[in-house]
Each structure stands twice: as structure tokens, then as C-alpha cells.
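Data block for structure.pdb (PDB, C-alpha atoms, pLDDT in the B column):
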```pdb
ATOM      1  CA  MET A   1      83.221 133.068 149.400  1.00 57.00           C
ATOM      2  CA  SER A   2      83.777 130.433 146.774  1.00 63.00           C
ATOM      3  CA  LYS A   3      81.231 129.358 144.292  1.00 71.00           C
ATOM      4  CA  ILE A   4      80.796 125.648 143.768  1.00 71.00           C
ATOM      5  CA  ARG A   5      79.676 124.723 140.282  1.00 76.00           C
ATOM      6  CA  HIS A   6      77.633 121.577 139.959  1.00 81.00           C
ATOM      7  CA  ILE A   7      78.208 119.128 137.138  1.00 82.00           C
ATOM      8  CA  THR A   8      75.280 119.045 134.752  1.00 86.00           C
ATOM      9  CA  ALA A   9      74.055 116.318 132.429  1.00 85.00           C
ATOM     10  CA  ALA A  10      75.599 118.213 129.489  1.00 82.00           C
ATOM     11  CA  ASP A  11      79.004 118.177 131.227  1.00 81.00           C
ATOM     12  CA  ILE A  12      78.794 114.417 131.733  1.00 84.00           C
ATOM     13  CA  LEU A  13      77.760 113.926 128.091  1.00 81.00           C
ATOM     14  CA  ILE A  14      80.761 115.936 126.856  1.00 84.00           C
ATOM     15  CA  ILE A  15      83.138 113.967 129.109  1.00 85.00           C
ATOM     16  CA  VAL A  16      81.739 110.610 127.938  1.00 81.00           C
ATOM     17  CA  LEU A  17      81.853 111.573 124.234  1.00 82.00           C
ATOM     18  CA  THR A  18      85.414 112.894 124.542  1.00 85.00           C
ATOM     19  CA  ALA A  19      86.567 109.709 126.283  1.00 82.00           C
ATOM     20  CA  ALA A  20      84.853 107.531 123.662  1.00 82.00           C
ATOM     21  CA  ALA A  21      86.483 109.504 120.830  1.00 82.00           C
ATOM     22  CA  ALA A  22      89.906 109.186 122.474  1.00 82.00           C
ATOM     23  CA  ILE A  23      89.510 105.425 122.945  1.00 83.00           C
ATOM     24  CA  TYR A  24      88.316 104.963 119.354  1.00 77.00           C
ATOM     25  CA  ALA A  25      91.234 107.012 117.993  1.00 77.00           C
ATOM     26  CA  GLY A  26      93.691 105.018 120.088  1.00 73.00           C
ATOM     27  CA  PHE A  27      92.437 101.673 118.829  1.00 68.00           C
ATOM     28  CA  SER A  28      92.269 102.934 115.252  1.00 66.00           C
ATOM     29  CA  LEU A  29      95.844 104.170 115.254  1.00 66.00           C
ATOM     30  CA  TYR A  30      97.693 101.889 117.658  1.00 63.00           C
ATOM     31  CA  GLY A  31      95.547  99.094 118.931  1.00 57.00           C
ATOM     32  CA  GLY A  32      93.736  96.099 117.729  1.00 52.00           C
ATOM     33  CA  LYS A  33      95.055  93.237 115.725  1.00 48.00           C
ATOM     34  CA  PRO A  34      97.607  94.163 113.047  1.00 50.00           C
ATOM     35  CA  GLU A  35      96.691  93.347 109.497  1.00 59.00           C
ATOM     36  CA  GLY A  36      98.053  89.948 108.580  1.00 74.00           C
ATOM     37  CA  GLU A  37     100.025  88.943 105.561  1.00 87.00           C
ATOM     38  CA  ARG A  38      98.041  88.539 102.373  1.00 93.00           C
ATOM     39  CA  LEU A  39      98.539  87.508  98.789  1.00 94.00           C
ATOM     40  CA  ILE A  40      98.207  90.166  96.090  1.00 95.00           C
ATOM     41  CA  VAL A  41      97.593  88.845  92.566  1.00 95.00           C
ATOM     42  CA  GLU A  42      97.887  91.299  89.685  1.00 95.00           C
ATOM     43  CA  VAL A  43      97.212  90.885  85.976  1.00 94.00           C
ATOM     44  CA  ARG A  44      97.491  94.059  83.911  1.00 90.00           C
ATOM     45  CA  SER A  45      95.233  96.560  85.703  1.00 88.00           C
ATOM     46  CA  GLU A  46      93.275  94.000  87.755  1.00 92.00           C
ATOM     47  CA  ARG A  47      94.112  93.095  91.348  1.00 94.00           C
ATOM     48  CA  TRP A  48      92.844  90.396  93.729  1.00 94.00           C
ATOM     49  CA  ILE A  49      93.658  90.024  97.431  1.00 94.00           C
ATOM     50  CA  TYR A  50      93.574  86.715  99.322  1.00 95.00           C
ATOM     51  CA  PRO A  51      94.337  85.824 102.967  1.00 93.00           C
ATOM     52  CA  LEU A  52      97.354  83.588 103.516  1.00 92.00           C
ATOM     53  CA  ASP A  53      95.782  81.758 106.440  1.00 91.00           C
ATOM     54  CA  GLN A  54      93.270  79.902 104.229  1.00 92.00           C
ATOM     55  CA  ASP A  55      94.461  77.102 101.941  1.00 95.00           C
ATOM     56  CA  MET A  56      93.043  77.482  98.432  1.00 96.00           C
ATOM     57  CA  THR A  57      93.716  77.122  94.729  1.00 97.00           C
ATOM     58  CA  ILE A  58      93.221  80.218  92.569  1.00 96.00           C
ATOM     59  CA  SER A  59      92.744  80.296  88.803  1.00 96.00           C
ATOM     60  CA  VAL A  60      94.171  83.547  87.462  1.00 95.00           C
ATOM     61  CA  PRO A  61      93.209  84.486  83.884  1.00 95.00           C
ATOM     62  CA  GLY A  62      95.990  85.992  81.775  1.00 94.00           C
ATOM     63  CA  PRO A  63      96.451  86.700  78.064  1.00 94.00           C
ATOM     64  CA  LEU A  64      97.816  83.180  77.400  1.00 95.00           C
ATOM     65  CA  GLY A  65      95.317  81.329  79.604  1.00 95.00           C
ATOM     66  CA  ILE A  66      94.944  80.298  83.233  1.00 96.00           C
ATOM     67  CA  THR A  67      97.790  80.469  85.740  1.00 96.00           C
ATOM     68  CA  THR A  68      97.116  78.326  88.815  1.00 97.00           C
ATOM     69  CA  VAL A  69      98.249  79.727  92.172  1.00 96.00           C
ATOM     70  CA  VAL A  70      98.140  77.597  95.334  1.00 97.00           C
ATOM     71  CA  ILE A  71      98.049  78.880  98.916  1.00 96.00           C
ATOM     72  CA  GLU A  72      99.001  76.102 101.304  1.00 95.00           C
ATOM     73  CA  ASN A  73     100.270  76.302 104.913  1.00 93.00           C
ATOM     74  CA  LYS A  74     100.698  80.116 104.624  1.00 92.00           C
ATOM     75  CA  ALA A  75     102.977  79.727 101.591  1.00 95.00           C
ATOM     76  CA  VAL A  76     102.153  80.554  97.969  1.00 96.00           C
ATOM     77  CA  ARG A  77     103.374  79.023  94.724  1.00 96.00           C
ATOM     78  CA  ILE A  78     102.487  79.000  91.049  1.00 96.00           C
ATOM     79  CA  SER A  79     101.629  75.369  90.347  1.00 96.00           C
ATOM     80  CA  ASP A  80     100.776  75.636  86.624  1.00 96.00           C
ATOM     81  CA  SER A  81     100.872  78.203  83.863  1.00 95.00           C
ATOM     82  CA  PRO A  82     100.378  78.249  80.091  1.00 95.00           C
ATOM     83  CA  CYS A  83     103.761  79.923  79.495  1.00 92.00           C
ATOM     84  CA  PRO A  84     106.249  77.979  77.350  1.00 91.00           C
ATOM     85  CA  ASN A  85     109.262  77.776  79.707  1.00 91.00           C
ATOM     86  CA  LYS A  86     107.475  77.248  83.103  1.00 92.00           C
ATOM     87  CA  THR A  87     110.141  79.189  85.060  1.00 92.00           C
ATOM     88  CA  CYS A  88     107.436  80.521  87.385  1.00 92.00           C
ATOM     89  CA  VAL A  89     106.328  76.963  88.226  1.00 95.00           C
ATOM     90  CA  ALA A  90     109.906  76.007  89.140  1.00 93.00           C
ATOM     91  CA  SER A  91     110.423  78.986  91.477  1.00 92.00           C
ATOM     92  CA  ARG A  92     110.396  78.516  95.248  1.00 94.00           C
ATOM     93  CA  PRO A  93     107.219  79.065  97.313  1.00 95.00           C
ATOM     94  CA  LEU A  94     106.664  82.535  98.747  1.00 95.00           C
ATOM     95  CA  SER A  95     106.241  82.803 102.511  1.00 93.00           C
ATOM     96  CA  GLN A  96     107.341  86.233 103.759  1.00 92.00           C
ATOM     97  CA  THR A  97     106.230  89.820 103.257  1.00 92.00           C
ATOM     98  CA  GLY A  98     108.007  91.210 100.227  1.00 92.00           C
ATOM     99  CA  ASP A  99     108.394  87.849  98.435  1.00 94.00           C
ATOM    100  CA  TRP A 100     107.145  87.875  94.846  1.00 94.00           C
ATOM    101  CA  SER A 101     107.010  85.767  91.726  1.00 95.00           C
ATOM    102  CA  ALA A 102     105.757  86.348  88.212  1.00 94.00           C
ATOM    103  CA  CYS A 103     104.753  84.580  85.058  1.00 94.00           C
ATOM    104  CA  LEU A 104     105.926  87.254  82.631  1.00 93.00           C
ATOM    105  CA  PRO A 105     104.557  85.716  79.410  1.00 94.00           C
ATOM    106  CA  ASN A 106     101.078  85.465  81.002  1.00 94.00           C
ATOM    107  CA  GLU A 107     101.472  88.865  82.751  1.00 94.00           C
ATOM    108  CA  VAL A 108     100.675  87.449  86.225  1.00 95.00           C
ATOM    109  CA  LEU A 109     102.414  88.891  89.294  1.00 96.00           C
ATOM    110  CA  ILE A 110     101.968  87.449  92.795  1.00 96.00           C
ATOM    111  CA  ARG A 111     103.403  88.983  95.960  1.00 95.00           C
ATOM    112  CA  ILE A 112     103.008  88.804  99.714  1.00 95.00           C
ATOM    113  CA  ASP A 113     102.066  92.069 101.385  1.00 91.00           C
ATOM    114  CA  GLY A 114     101.050  93.103 104.885  1.00 83.00           C
ATOM    115  CA  ALA A 115     102.350  92.997 108.424  1.00 62.00           C
ATOM    116  CA  THR A 116     105.217  90.750 109.294  1.00 50.00           C
ATOM    117  CA  ALA A 117     104.859  88.085 111.949  1.00 47.00           C
ATOM    118  CA  SER A 118     107.482  89.739 114.143  1.00 49.00           C
ATOM    119  CA  ASP A 119     109.262  93.042 114.538  1.00 46.00           C
ATOM    120  CA  GLU A 120     112.677  91.603 113.741  1.00 49.00           C
ATOM    121  CA  PHE A 121     115.085  93.333 111.367  1.00 48.00           C
ATOM    122  CA  ASP A 122     116.108  91.631 108.164  1.00 49.00           C
ATOM    123  CA  GLY A 123     118.772  94.247 107.473  1.00 51.00           C
ATOM    124  CA  LEU A 124     120.134  97.556 108.689  1.00 49.00           C
ATOM    125  CA  ALA A 125     121.565 100.415 106.649  1.00 54.00           C
ATOM    126  CA  GLN A 126     123.731 103.174 108.066  1.00 50.00           C
TER     127      GLN A 126
END
```

Give the structure from the file, written as C-alpha cells.
Amino acid sequence: MSKIRHITAADILIIVLTAAAAIYAGFSLYGGKPEGERLIVEVRSERWIYPLDQDMTISVPGPLGITTVVIENKAVRISDSPCPNKTCVASRPLSQTGDWSACLPNEVLIRIDGATASDEFDGLAQ
């Protein structure tokens, strides 16, 4: 004779909770929308983070005064700074993860961080 065990409410609850935990873990680790690129602004020990998909002008206080950073069309540039030689203002706009620029006299560093738009390689080392 074989014994048939009936499924109880507790069994169903355990199955549902296990499935929910597995789905949550899957989305947390592998699913969902990847984090987009963002602008990181650093001055000494302070840090600010801004999304690149919103056009804005940011006033960044440094030891010499205000450095103006502009986000426009998912690109970032330093548009004005109180430094004497203005090298940072003349540098090209940043648009890709890993790009950075700095106003060294005013101690302002800007860089793009986050996920890239595609999974393409930009180099390969062997």
C-alpha cells in the first residue's frame, strides 16, 4: 500500500515564499534596468551625483570660487571656472563612461560613471 500525502496550506505557503524569494533574487542580481551613466562631481572630500539624461547647469563651490558644469544632451563640460588658465573650460565635452576632466586649481573633478550604453569592447588585452 502506498500512502498519499496531501498538500497542506503550510506547504503552499512555503512554495509561494520560496518562489517569490527566487524571483526577487533574480531581478536584484540579473534583471531590471541597468543603472545608467551619471556624472560624479568631487571637490576635496565632497561628492555629488547627477543623472546625464537631464539637462542642467551646476554650480560647484571650490577653494577659488564657483566652477560651472553644464549637462546638455547627455554630455558634460566645464563652462566656466575661476582658475587663471581656463584649461578645463577649453577641454572637450565628456560623453562616455570613464571620461573625466578637472579644474586642478579649484580642486574640482568631474567624471562619467555607470553602465555603458552597449556591451561593445573598446579594447582587448591578451

Determine, for each residue of segment 5-70 of chain A having at least one atom at most 8 Å from an atom of segment 82-105 of chain A, the closest pair of atoms and their separation in Å to one decimal, counting all atoms listed in the file; order by chain and ascending number, as CSV.
```
residue,atom,partner,partner_atom,distance
A:Glu37,CA,A:Thr97,CA,6.7
A:Leu64,CA,A:Pro82,CA,6.2
A:Gly65,CA,A:Pro82,CA,5.9
A:Ile66,CA,A:Pro82,CA,6.6
A:Thr67,CA,A:Pro82,CA,6.6
```

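Here atom CA of Arg47 of chain A stands at a distance of 16.5 Å from atom CA of Val70 of chain A.
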
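Here atom CA of Val43 of chain A is placed at a distance of 8.3 Å from atom CA of Asn106 of chain A.
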
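For the structure in this document, the set picked by the PyMOL selection byres ((chain A and resi 78) around 6) is Thr68, Val69, Arg77, Ser79, Asp80 and Val89 of chain A.
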
Got time to write the residues from that selection, C-alpha atoms, as a PDB file, keeping the file's coordinate frame?
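Just written: again32.pdb:
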```pdb
ATOM      1  CA  THR A  68      97.116  78.326  88.815  1.00 97.00           C
ATOM      2  CA  VAL A  69      98.249  79.727  92.172  1.00 96.00           C
ATOM      3  CA  ARG A  77     103.374  79.023  94.724  1.00 96.00           C
ATOM      4  CA  SER A  79     101.629  75.369  90.347  1.00 96.00           C
ATOM      5  CA  ASP A  80     100.776  75.636  86.624  1.00 96.00           C
ATOM      6  CA  VAL A  89     106.328  76.963  88.226  1.00 95.00           C
TER       7      VAL A  89
END
```

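Straight-line separation from atom CA of Leu39 of chain A to atom CA of Arg111 of chain A: 5.8 Å.
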
- [ ] Given the file shown, determine the residues that the PyMOL selection byres ((chain A and resi 74) around 7) selects; report them as an NGL selection string.
- [x] :A and (52-53 or 71-73 or 75-76 or 95)

For the residues in the current selection, export C-alpha atoms as a compact mmCIF listing (two decimals), keeping the file's coordinate frame.
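Output contents, as saved in out37.txt:
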```txt
# COMPACT_ATOMS: atom_id res chain seq x y z
CA LEU A 52 97.35 83.59 103.52
CA ASP A 53 95.78 81.76 106.44
CA ILE A 71 98.05 78.88 98.92
CA GLU A 72 99.00 76.10 101.30
CA ASN A 73 100.27 76.30 104.91
CA ALA A 75 102.98 79.73 101.59
CA VAL A 76 102.15 80.55 97.97
CA SER A 95 106.24 82.80 102.51
```

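Nearest to Arg44 of chain A of all the residues A:Ala22, A:Ile110, A:Ile4, A:Val16 is A:Ile110, based on all atoms listed in the file.
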
Task: Pick from A:Ala19, A:Ile40, A:Gly26, A:Glu107 nearest to Pro61 of chain A, counting only C-alpha atoms - done: A:Glu107

- [ ] Report the residues retrieved by the PyMOL selection byres ((chain A and resi 50) around 6) from the displayed file, expressed as a VMD selection string.
- [x] chain A and resid 38 to 39 49 51

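Between Ser45 of chain A and the candidates A:Val108, A:Ile14, A:Asp113, A:Ala9, the tightest atom-to-atom separation, counting only C-alpha atoms, involves A:Val108.
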
Axis-aligned box for segment 59-66 of chain A, 8 Å per side, centre and edges in Å as lines of an AutoDock Vina configuration file:
```
center_x = 95.3
center_y = 83.5
center_z = 83.1
size_x = 21.1
size_y = 22.4
size_z = 27.4
```
